[in-house]
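J.: A single structure is presented below for examination.
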Amino acid sequence: MAKPPLSMKPTGWYQVAWSDEVAVGHVHTMKYFGEEMIAWRAESGRVTVMNAYCEHLGAHLGFGGKVIGEVLQCPFHGWQWNQEGRNVCIPYEKRPNRGRRITTYPVTECNQSIYIWHDTDGREPFFDAPDVFASFADGSSLDDYYPQQRLYVPGRELHPQYVLENGVDFAHFKYVHDTPIVPVFTRHDFDQPVSYVDFTITFEGDENQSIDDVDSGVEAINGGLGIAVTKSSGMIDNRTISAITPVDESTSDVRFMVYIGRPTTERARQNAERAERKAQEFGAEVIRQFQQDVHIWSHQRYSDPPALASSEMQGFTAIREWALRFYPDGKGGSAARLAAANLDS
Ligand code: FES
Ligand SMILES: [Fe+2]
C-alpha cells in the first residue's frame with residue numbers, strides 16, 4: 001500500500017485490547033501509535049494503559065513487571081509506578097523520584113473492550129466512546145443478546161478512515177456484500193465528533209424490488225474514527241462494533257464484534273439449543289460480510305481527491321470534512337487543504 005495521505009495519529013478513542021485479555025494482576029503488552037505500551041489491571045480492577053518502558057533505566061515493564069495492589073513494580077530494580085505513571089517507591093531510597101513520569105492514556109472500558117484516548121496534543125477527551133447498547137438509548141442491554149462473537153485481524157495496511165467512509169458508501173453494498181439492491185441513506189448527521197448514519201438495506205429478495213418497500217435498516221454511531229457501533233432493525237436482531245487502531249505509520253489492527261439478539265418468542269425459547277446455534281451461524285455470517293470489506297481495505301490505496309459520482313459527492317464530502325477535526329497535525333488529506341485554502345482566501 002502507498003502510505004495514506006492521512007495521519008496515522010488521529011485523535012479519539014481506540015481499542016487496544018479486550019477486557020478479558022487483562023485479568024487482575026496481569027500485564028499485557030501491545031504496540032499502538034508507534035509506541036510500545038502495556039495495559040495492567042490493579043487489585044481494584046482498574047486498568048492502566050501506559051508506555052512500556054521504565055523511566056529509570058528503561059526496562060520493558062511488560063516483561064516481568066508485577067502488579068502489587070494498585071501499583072506496578074519494575075522487574076529490573078523494583079521501582080514502583082502508580083496509575084498516573086508516577087514513581088511512588090524506590091525500594092533502596094527514602095524518597096521516590098517525583099519528577100519522572102511514564103506517559104499514561106485515559107482509559108474507558110465498555111462492551112468488554114479497553115479503549116484509550118489518543119491525542120498528540122495531550123488534550124482531555126472531548127467526546128465519549130460509543131456503547132453498542134447505551135448509545136442507542138433504547139433500554140437494551142447485554143442480557144438481551146448472546147455473548148459477543150469476535151474477529152481480530154492484526155497489522156493490516158489500512159487507515160481507520162477507510163472503515164468510516166463505508167458509512168456513506170451506498171454503492172459498495174451490492175458489489176462487496178451481494179445486497180440485491182442499492183441501499184439508501186436516511187440520515188447523515190456529521191455535526192459533532194460523534195456522528196450518526198442511518199440507512200435502509202435488505203439482504204433478501206431480488207433486484208426487482210423497490211428500496212421504498214424495504215423496511216429493514218441499520219443505524220450507525222461513529223465515535224470519532226476509531227469506533228463505530230451499529231444496530232439493525234427489521235432483520236435478525238444484531239449489533240456490531242468495529243474498532244480500528246493504528247499500530248504504526250502504515251498498519252492498523254482491526255477488531256469487529258457482533259451480538260445477536262436472544263429469541264423473544266416462547267417457541268424459540270423452548271428450543272434454546274437450536275436458537276443458539278442459529279445465532280452463532282448468523283453472527284458468523286455478519287463477520288464474514290465484514291471480512292469482505294477488510295479484504296478491500298487491506299489492499300486499497302486511499303484516493304484523494306477521489307473521482308466521485310455526483311450522487312456520492314454530498315456524503316463523501318460531509319464525512320471527509322467531519323473527519324478533519326481528528327487530525328490535529330492538519331494531515332487530513334485534500335479536504336484539509338481545501339478548508340485551509342478557503343480560510344486563506
Ligand atoms: S529500569 Fe525499572 S527499576 Fe530500574
Ligand atoms: Fe461494507
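By convention here, the chains of the C-alpha cells are called A, B, ... in the order presented, each chain's residues are numbered starting at 1, and ligands are numbered starting at 1 in the order presented.
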Kindly work out which residues sit at most 10 Å from ligand 1, using only C-alpha atoms and all ligand atoms, and give the list as a ChimeraX atom specification.

T.: /A:53-61,65,73-81,87,89-91

J.: Enumerate residues in contact with ligand 2: an atom-to-atom distance of at most 9 Å, counting only C-alpha atoms and all ligand atoms. Format the result as a ChimeraX atom specification.

T.: /A:163,166-167,169-170,172-173,176-177,289-294

J.: Choose the residue, out of A:Tyr162, A:Gly12, A:Arg123, A:Gly34, that has the smallest atom-to-atom separation from His295 of chain A; count only C-alpha atoms.

T.: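 Among the listed residues, A:Tyr162 lies closest to His295 of chain A.
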
J.: For Val88 of chain A, work out the shell of residues within 12 Å, counting only C-alpha atoms and skipping chain neighbours fewer than 4 positions away, then give it as a ChimeraX atom specification.

T.: /A:70-74,78-84,93-102

J.: Would you give me, as a list in words, the residues in segment 38-278 of chain A that DSSP reads as alpha helix (DSSP H)?

T.: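 Checking each residue of segment 38-278 of chain A, the alpha helix (DSSP H) ones are Pro160, Gln161, Tyr162, Val163, Leu164, Glu165, His172, Phe173, Lys174, Tyr175, Val176, Glu266, Arg267, Ala268, Arg269, Gln270, Ala272, Glu273, Arg274, Ala275, Glu276, Arg277 and Lys278 of chain A.
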
J.: One number please: atom CA of Tyr14 of chain A to atom CA of Ile241 of chain A, in Å, one decimal.

T.: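 Atom-to-atom, atom CA of Tyr14 of chain A to atom CA of Ile241 of chain A, that is 11.8 Å.
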